[in-house]
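S.K.: Next comes the structure file model25.cif, holding mmCIF, C-alpha atoms.
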```cif
data_input
#
loop_
_atom_site.label_atom_id
_atom_site.label_comp_id
_atom_site.auth_asym_id
_atom_site.auth_seq_id
_atom_site.Cartn_x
_atom_site.Cartn_y
_atom_site.Cartn_z
CA MET A 7 -10.02 155.68 -173.57
CA ASP A 8 -12.04 153.29 -171.35
CA GLU A 9 -10.74 151.94 -168.04
CA CYS A 10 -9.09 148.96 -169.74
CA GLY A 11 -7.68 150.85 -172.73
CA LEU A 12 -4.14 150.54 -171.40
CA LYS A 13 -0.85 148.83 -172.17
CA HIS A 14 -2.12 145.36 -171.36
CA GLN A 15 -4.58 145.51 -174.31
CA ARG A 16 -1.79 145.40 -176.86
CA GLN A 17 -1.71 141.61 -176.89
CA ASP A 18 -2.76 138.57 -174.92
CA VAL A 19 -0.31 138.44 -172.03
CA GLY A 20 -0.57 134.68 -171.67
CA GLU A 21 0.48 134.00 -175.25
CA TYR A 22 3.13 136.72 -175.11
CA PHE A 23 4.98 135.36 -172.09
CA ALA A 24 4.49 131.72 -173.09
CA ASP A 25 6.17 132.41 -176.43
CA LEU A 26 9.06 134.44 -175.02
CA TYR A 27 9.86 132.45 -171.88
CA PRO A 28 9.17 128.69 -172.05
CA SER A 29 8.56 127.16 -168.63
CA VAL A 30 11.43 125.88 -166.50
CA ARG A 31 9.75 123.65 -163.95
CA THR A 32 12.45 123.39 -161.32
CA HIS A 33 13.70 126.03 -158.91
CA ARG A 34 17.21 125.78 -160.36
CA THR A 35 18.66 125.10 -163.81
CA ARG A 36 21.84 123.50 -165.05
CA ASN A 37 24.26 125.27 -167.38
CA LYS A 38 24.69 122.83 -170.26
CA SER A 39 28.26 123.87 -171.02
CA THR A 40 29.64 123.84 -167.47
CA GLY A 41 27.30 121.52 -165.63
CA THR A 42 26.94 124.03 -162.79
CA MET A 43 23.63 124.76 -161.08
CA HIS A 44 21.93 128.16 -161.16
CA PHE A 45 19.82 129.32 -158.24
CA PRO A 46 17.50 132.31 -157.80
CA PRO A 47 19.75 134.86 -156.07
CA ARG A 48 18.81 136.13 -152.63
CA TYR A 49 20.32 138.61 -150.20
CA PRO A 50 19.97 139.36 -146.46
CA TRP A 51 17.13 141.76 -145.70
CA SER A 52 18.87 144.76 -144.07
CA ASN A 53 15.76 146.19 -142.33
CA PHE A 54 13.51 145.90 -145.38
CA PRO A 55 10.15 147.59 -144.60
CA PRO A 56 6.89 145.65 -144.13
CA VAL A 57 5.00 144.80 -147.31
CA SER A 58 2.12 147.22 -147.96
CA ILE A 59 -1.15 145.27 -148.33
CA HIS A 60 -4.12 146.90 -150.06
CA SER A 61 -7.12 144.64 -149.30
CA PRO A 62 -8.16 141.74 -147.05
CA GLU A 63 -7.63 138.29 -148.51
CA SER A 64 -11.33 137.40 -148.34
CA ALA A 65 -12.33 140.48 -150.35
CA VAL A 66 -9.90 139.58 -153.13
CA LYS A 67 -10.37 135.82 -153.36
CA LYS A 68 -14.17 136.00 -153.19
CA HIS A 69 -14.36 138.70 -155.84
CA PRO A 70 -16.21 137.49 -159.00
CA LEU A 71 -13.30 138.59 -161.21
CA TYR A 72 -10.57 136.89 -159.18
CA ASN A 73 -10.37 133.56 -161.04
CA ALA A 74 -10.38 135.17 -164.47
CA SER A 75 -7.67 137.58 -163.33
CA LYS A 76 -5.47 134.78 -162.01
CA SER A 77 -5.90 132.91 -165.31
CA GLY A 78 -4.65 135.77 -167.46
CA ASP A 79 -7.58 138.06 -168.30
CA PRO A 80 -6.04 141.58 -168.19
CA GLU A 81 -9.37 143.42 -168.36
CA ALA A 82 -10.75 141.43 -165.42
CA ALA A 83 -7.53 142.03 -163.50
CA PHE A 84 -7.61 145.78 -164.05
CA ARG A 85 -11.24 146.00 -162.93
CA LEU A 86 -10.41 143.87 -159.90
CA VAL A 87 -7.52 146.02 -158.72
CA SER A 88 -9.41 149.23 -159.52
CA GLU A 89 -12.09 148.18 -157.05
CA LEU A 90 -9.77 146.88 -154.34
CA VAL A 91 -6.66 149.07 -154.32
CA SER A 92 -6.45 151.10 -151.13
CA PRO A 93 -6.29 154.91 -151.48
CA SER A 94 -4.60 155.19 -148.08
CA VAL A 95 -1.95 152.59 -148.91
CA THR A 96 -1.36 154.26 -152.27
CA LYS A 97 -0.96 157.64 -150.58
CA SER A 98 1.52 156.17 -148.08
CA LEU A 99 3.61 154.80 -150.95
CA ILE A 100 3.68 158.26 -152.54
CA ASP A 101 4.52 159.96 -149.26
CA ARG A 102 7.31 157.52 -148.37
CA TYR A 103 8.94 156.87 -151.74
CA ALA A 104 8.25 159.77 -154.11
CA THR A 105 11.75 161.14 -153.58
CA GLU A 106 13.21 157.71 -154.40
CA LEU A 107 11.61 157.72 -157.88
CA PRO A 108 11.16 153.92 -157.81
CA ILE A 109 10.30 151.79 -160.82
CA LEU A 110 7.27 149.56 -160.19
CA VAL A 111 8.20 145.99 -161.11
CA SER A 112 5.63 143.17 -161.00
CA ALA A 113 6.15 139.44 -160.93
CA HIS A 114 4.21 138.52 -164.11
CA ALA A 115 3.78 135.12 -162.47
CA LEU A 116 3.19 132.02 -164.56
CA GLU A 117 0.42 129.87 -163.04
CA SER A 118 -0.69 126.42 -164.12
CA SER A 119 -3.88 128.05 -165.46
CA GLY A 120 -2.09 130.86 -167.32
CA VAL A 121 -0.24 134.10 -166.65
CA ASN A 122 -1.48 135.73 -163.44
CA ALA A 123 -2.61 139.16 -164.68
CA ILE A 124 -3.11 140.75 -161.25
CA PRO A 125 0.47 141.89 -160.52
CA ALA A 126 0.83 143.67 -163.86
CA ALA A 127 -2.61 145.28 -163.50
CA LEU A 128 -1.77 146.48 -159.99
CA ALA A 129 1.53 147.93 -161.18
CA GLU A 130 -0.21 149.68 -164.04
CA LEU A 131 -2.87 151.18 -161.81
CA LEU A 132 -0.26 152.31 -159.28
CA GLU A 133 1.71 153.89 -162.11
CA GLU A 134 -1.32 156.04 -162.91
CA LYS A 135 -2.00 156.94 -159.28
CA THR A 136 1.55 157.52 -158.04
CA GLY A 137 3.36 158.77 -161.13
CA PHE A 138 6.06 156.17 -160.60
CA GLU A 139 7.46 154.56 -163.73
CA SER A 140 6.39 150.95 -164.41
CA ASP A 141 8.65 148.19 -165.75
CA THR A 142 7.29 145.84 -168.43
CA ASP A 143 10.43 143.80 -169.12
CA VAL A 144 11.01 141.63 -166.02
CA VAL A 145 9.09 138.34 -166.09
CA GLN A 146 9.00 135.07 -164.20
CA THR A 147 10.45 132.23 -166.27
CA ASN A 148 9.10 129.12 -164.53
CA VAL A 149 5.81 127.68 -163.31
CA VAL A 150 5.88 127.21 -159.53
CA SER A 151 2.13 126.74 -158.87
CA HIS A 152 2.18 128.55 -155.51
CA THR A 153 -1.54 129.36 -155.44
CA GLY A 154 -3.13 127.20 -152.76
CA ALA A 155 0.11 125.24 -152.28
CA SER A 156 1.59 124.08 -148.99
CA GLY A 157 4.43 125.93 -147.33
CA ILE A 158 6.94 123.23 -148.16
CA HIS A 159 5.86 123.23 -151.84
CA ARG A 160 6.43 127.00 -151.96
CA ILE A 161 9.94 126.58 -150.56
CA ALA A 162 10.77 123.65 -152.85
CA HIS A 163 9.62 125.44 -156.02
CA GLN A 164 11.39 128.79 -156.26
CA ALA A 165 10.42 131.51 -158.74
CA MET A 166 13.07 132.61 -161.24
CA PHE A 167 13.15 135.81 -163.30
CA THR A 168 14.65 137.38 -166.38
CA GLY A 169 14.60 140.86 -167.89
CA THR A 170 16.52 144.12 -167.94
CA ILE A 171 17.38 145.90 -164.69
CA ILE A 172 18.70 149.47 -164.68
CA ARG A 173 21.78 149.68 -162.48
CA ASN A 174 21.55 151.97 -159.45
CA ARG A 175 17.83 152.63 -159.97
CA ASN A 176 15.32 152.13 -157.18
CA TYR A 177 12.58 149.51 -157.60
CA LEU A 178 9.29 148.91 -155.79
CA LEU A 179 8.08 145.31 -155.96
CA VAL A 180 4.44 144.62 -156.89
CA ASP A 181 2.60 141.29 -156.56
CA ASP A 182 -0.92 140.02 -156.07
CA PHE A 183 -0.33 138.16 -152.80
CA VAL A 184 2.19 137.74 -150.02
CA GLY A 185 2.19 134.43 -148.17
CA GLN A 186 5.63 133.19 -147.27
CA GLY A 187 7.15 135.97 -149.36
CA GLY A 188 9.44 133.75 -151.41
CA THR A 189 8.48 135.22 -154.78
CA LEU A 190 9.12 138.75 -153.53
CA ALA A 191 12.43 137.61 -152.00
CA ASN A 192 13.55 136.12 -155.30
CA LEU A 193 12.39 139.10 -157.35
CA ARG A 194 14.28 141.38 -154.97
CA GLY A 195 17.32 139.11 -155.26
CA TYR A 196 17.19 139.22 -159.05
CA ILE A 197 17.10 143.02 -159.06
CA LEU A 198 19.93 143.35 -156.54
CA ASP A 199 22.00 140.80 -158.45
CA LYS A 200 21.68 142.95 -161.59
CA GLY A 201 22.75 146.13 -159.82
CA GLY A 202 19.39 147.67 -158.96
CA ARG A 203 18.09 148.70 -155.53
CA VAL A 204 14.80 147.65 -153.93
CA VAL A 205 13.13 150.11 -151.55
CA ALA A 206 9.82 148.40 -150.74
CA ALA A 207 7.08 145.99 -151.81
CA THR A 208 3.31 146.21 -152.14
CA VAL A 209 0.68 143.56 -152.83
CA LEU A 210 -3.05 143.48 -153.46
CA THR A 211 -3.65 141.08 -150.57
CA GLY A 212 -2.10 138.77 -148.01
CA LYS A 213 -2.34 137.78 -144.38
CA PRO A 214 -1.37 140.63 -142.04
CA TYR A 215 1.39 138.62 -140.36
CA SER A 216 2.99 137.98 -143.76
CA ALA A 217 3.61 141.71 -144.19
CA THR A 218 6.74 141.31 -142.05
CA ILE A 219 8.99 139.87 -144.74
CA CYS A 220 12.33 140.92 -143.26
CA LEU A 221 13.77 138.03 -141.25
CA GLU A 222 13.99 138.94 -137.57
CA SER A 223 17.19 138.05 -135.75
CA GLN A 224 15.41 136.18 -132.97
CA THR A 225 13.55 134.02 -135.49
CA LEU A 226 16.80 133.15 -137.25
CA GLN A 227 18.40 132.25 -133.93
CA ARG A 228 15.49 129.97 -132.98
CA LEU A 229 15.77 128.24 -136.34
CA ARG A 230 19.49 127.68 -135.84
CA ASP A 231 19.01 126.49 -132.28
CA LYS A 232 16.41 123.92 -133.33
CA HIS A 233 17.96 122.47 -136.49
CA GLY A 234 21.65 123.11 -135.84
CA LYS A 235 24.59 123.09 -138.19
CA ASN A 236 23.07 120.40 -140.43
CA LEU A 237 20.48 122.82 -141.79
CA GLU A 238 22.96 125.71 -141.85
CA SER A 239 25.42 123.82 -144.05
CA TRP A 240 22.87 121.96 -146.23
CA TRP A 241 20.66 124.95 -147.13
CA PRO A 242 23.15 126.91 -149.30
CA ASP A 243 24.00 123.81 -151.31
CA LYS A 244 20.33 123.12 -151.88
CA PHE A 245 19.03 126.64 -152.54
CA GLY A 246 22.07 128.80 -153.21
CA HIS A 247 21.65 131.20 -150.31
CA SER A 248 22.27 131.27 -146.56
CA LEU A 249 19.58 131.07 -143.89
CA ASP A 250 19.68 134.82 -143.26
CA CYS A 251 18.16 135.31 -146.73
CA LEU A 252 14.95 133.51 -145.74
CA THR A 253 11.80 135.52 -145.22
CA GLU A 254 10.32 135.78 -141.73
CA SER A 255 7.42 133.49 -142.69
CA GLU A 256 9.69 130.91 -144.33
CA ALA A 257 11.89 130.76 -141.24
CA ARG A 258 8.90 130.45 -138.90
CA TYR A 259 7.52 127.64 -141.07
CA LEU A 260 10.81 125.71 -141.03
CA GLU A 261 11.17 126.24 -137.30
CA LYS A 262 7.90 124.38 -136.71
CA ILE A 263 9.09 121.24 -138.53
CA GLU A 264 10.25 118.61 -136.07
CA SER A 265 13.74 117.92 -137.38
CA PHE A 266 16.31 118.69 -140.05
CA GLU A 267 15.81 115.22 -141.51
CA SER A 268 12.11 115.92 -141.85
CA ILE A 269 12.80 119.22 -143.64
CA ARG A 270 15.08 117.48 -146.13
CA TYR A 271 12.59 114.65 -146.70
CA ARG A 272 9.59 116.94 -147.15
CA ILE A 273 11.42 119.16 -149.63
CA ALA A 274 12.53 116.12 -151.64
CA GLN A 275 8.91 114.92 -151.73
CA ALA A 276 7.59 118.34 -152.70
CA GLU A 277 10.07 118.58 -155.58
CA GLN A 278 8.43 115.56 -157.15
CA SER A 279 4.96 117.13 -157.12
#
```
If you took the structure in this file and wrote it as structure tokens, what would it be?
M.R.:
Amino acid sequence: MDECGLKHQRQDVGEYFADLYPSVRTHRTRNKSTGTMHFPPRYPWSNFPPVSIHSPESAVKKHPLYNASKSGDPEAAFRLVSELVSPSVTKSLIDRYATELPILVSAHALESSGVNAIPAALAELLEEKTGFESDTDVVQTNVVSHTGASGIHRIAHQAMFTGTIIRNRNYLLVDDFVGQGGTLANLRGYILDKGGRVVAATVLTGKPYSATICLESQTLQRLRDKHGKNLESWWPDKFGHSLDCLTESEARYLEKIESFESIRYRIAQAEQS
């Protein structure tokens, strides 16, 4: 079997996911029978460990196979991750989580250019190297177009997921990139909501400061001090979760915005894009 003679060769992943899960282009959906809104579930972080990053962002995004991988070419994606996955990071995942027997679950993100093949390829390669089981059932159900997007666009357009979760099993999240961490937060929330447990997350690349995904108490307090009760009461109605479910990078981003009114206006504008 050659290096790409793996599970992802069985069919074109772009066509497969497009057929099974038609795009839902908003971050929330309405139940037609009840009229109620559905939000991506999130939970407080409870000392979640830093995200393990395999390679520098420049090495990944300047790689000649990067664009093809992001657009859904599984062979390109597997070659990409094979070249850039870190042996030391992989070893640390084995050392820290082997006794947890986690299931590797990747985002299978839908991009405007196709299904991003990098997360699935990374999960598959890590399955080979770690011996951890890999999930192939959980998928993202909407197009959020986070690649290259602004921080406010990422917050306004939340990833949603579907698929089978095994209750009381441990999961290790896998994605191609961590920026604000919203996709990982929502994938974690989906798994917890279905009765699973999430022990850690790993990505191919991301900025080093984004590795701290767990919201720090002092950051949350600064956010509350700046934007007050208006933000605290409005946020759950808008996004379905409290401020303590934000990622560290999301909270820092919102803290920098001049006022609550500006946050609300910018999110409303981003929802239209």
S.K.: Residues at most 12 Å from range 64-71 of chain A, counting all atoms listed in the file, excluding those fewer than 3 positions away in the same chain, as a PyMOL selection string?
M.R.: chain A and resi 59-61+74-91+123-124+153-154+182-183+209-213
S.K.: Enclose the full set of atoms of range 55-67 of chain A listed in the file within a box whose edges lie along x, y and z, apply 6 Å of padding to each of the six sides, and report centre and edge lengths in Å to one decimal as AutoDock Vina command-line options.
M.R.:
```
--center_x -1.1 --center_y 141.7 --center_z -148.7 --size_x 34.5 --size_y 23.8 --size_z 21.2
```
S.K.: Which of these residues is nearest to Leu178 in chain A, using only C-alpha atoms: A:Val149, A:Ile100, A:Ala127, A:Leu221?
M.R.: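 Closest candidate: A:Ile100.
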S.K.: Go through range 46-139 of chain A and flag each residue having an atom no more than 9 Å from range 215-220 of chain A; for those, report the closest pair of atoms plus their distance in Å to one decimal, using all atoms listed in the file, ordered by chain and rising number, as CSV.
M.R.:
```
residue,atom,partner,partner_atom,distance
A:Pro50,CA,A:Cys220,CA,8.4
A:Trp51,CA,A:Cys220,CA,5.4
A:Ser52,CA,A:Cys220,CA,7.6
A:Asn53,CA,A:Cys220,CA,6.4
A:Phe54,CA,A:Cys220,CA,5.5
A:Pro55,CA,A:Cys220,CA,7.1
A:Pro56,CA,A:Thr218,CA,4.8
A:Val57,CA,A:Ala217,CA,4.6
A:Ser58,CA,A:Ala217,CA,6.8
A:Ile59,CA,A:Ala217,CA,7.2
```
S.K.: Residues within 7 Å of range 232-248 of chain A, please, as a list of chain:residue names. Count only C-alpha atoms; anything in the same chain fewer than 6 positions from it doesn't count.
M.R.: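 Near neighbours after the sequence-gap exclusion: A:Phe45, A:Arg48, A:Glu261, A:Ser265, A:Phe266.
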S.K.: Work out how far CA of Ala276 in chain A is from CA of Gly195 in chain A, in Å to one decimal.
M.R.: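 Answer for the CA of Gly195 in chain A to CA of Ala276 in chain A separation: 23.1 Å.
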S.K.: Enter the distance from CA of Ile161 in chain A to CA of Gly185 in chain A, in Å, rounded to one decimal.
M.R.: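 Separation between CA of Ile161 in chain A and CA of Gly185 in chain A: 11.3 Å.
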S.K.: Quick one, how far is CA of Val121 in chain A from CA of Ile197 in chain A?
M.R.: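 Between these atoms lies a distance of 20.9 Å.
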S.K.: Determine the residue membership of the PyMOL selection byres ((chain A and resi 140) around 10) for the file above and supply it as a CSV table (one decimal) with C-alpha atoms, keeping the file's coordinate frame.
M.R.:
```
chain,number,residue,atom,x,y,z
A,108,PRO,CA,11.2,153.9,-157.8
A,109,ILE,CA,10.3,151.8,-160.8
A,110,LEU,CA,7.3,149.6,-160.2
A,111,VAL,CA,8.2,146.0,-161.1
A,112,SER,CA,5.6,143.2,-161.0
A,126,ALA,CA,0.8,143.7,-163.9
A,129,ALA,CA,1.5,147.9,-161.2
A,130,GLU,CA,-0.2,149.7,-164.0
A,131,LEU,CA,-2.9,151.2,-161.8
A,132,LEU,CA,-0.3,152.3,-159.3
A,133,GLU,CA,1.7,153.9,-162.1
A,134,GLU,CA,-1.3,156.0,-162.9
A,137,GLY,CA,3.4,158.8,-161.1
A,138,PHE,CA,6.1,156.2,-160.6
A,139,GLU,CA,7.5,154.6,-163.7
A,141,ASP,CA,8.6,148.2,-165.8
A,142,THR,CA,7.3,145.8,-168.4
A,143,ASP,CA,10.4,143.8,-169.1
A,177,TYR,CA,12.6,149.5,-157.6
A,178,LEU,CA,9.3,148.9,-155.8
```
S.K.: Using only C-alpha atoms, which of A:Arg203, A:Arg102, A:Lys262, A:Arg272 sits nearest Asn174 in chain A?
M.R.: A:Arg203
S.K.: Skip Ile273 in chain A itself and residues of its chain fewer than 5 positions away, then list as a list in words all residues within 12 Å of it, counting all atoms listed in the file.
M.R.: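 Result of the neighbour search: His33, Ser156, Gly157, Ile158, His159, Arg160, Ile161, Ala162, His163, Gln164, Trp241, Lys244, Phe245, Leu260, Ile263, Phe266, Glu267, Ser268, Gln278 and Ser279 of chain A.
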S.K.: Identify all residues satisfying the PyMOL selection byres ((chain A and resi 99) around 10) in the given file; provide them as a VMD selection string.
M.R.: chain A and resid 58 93 to 98 100 to 104 132 136 178 206 to 208
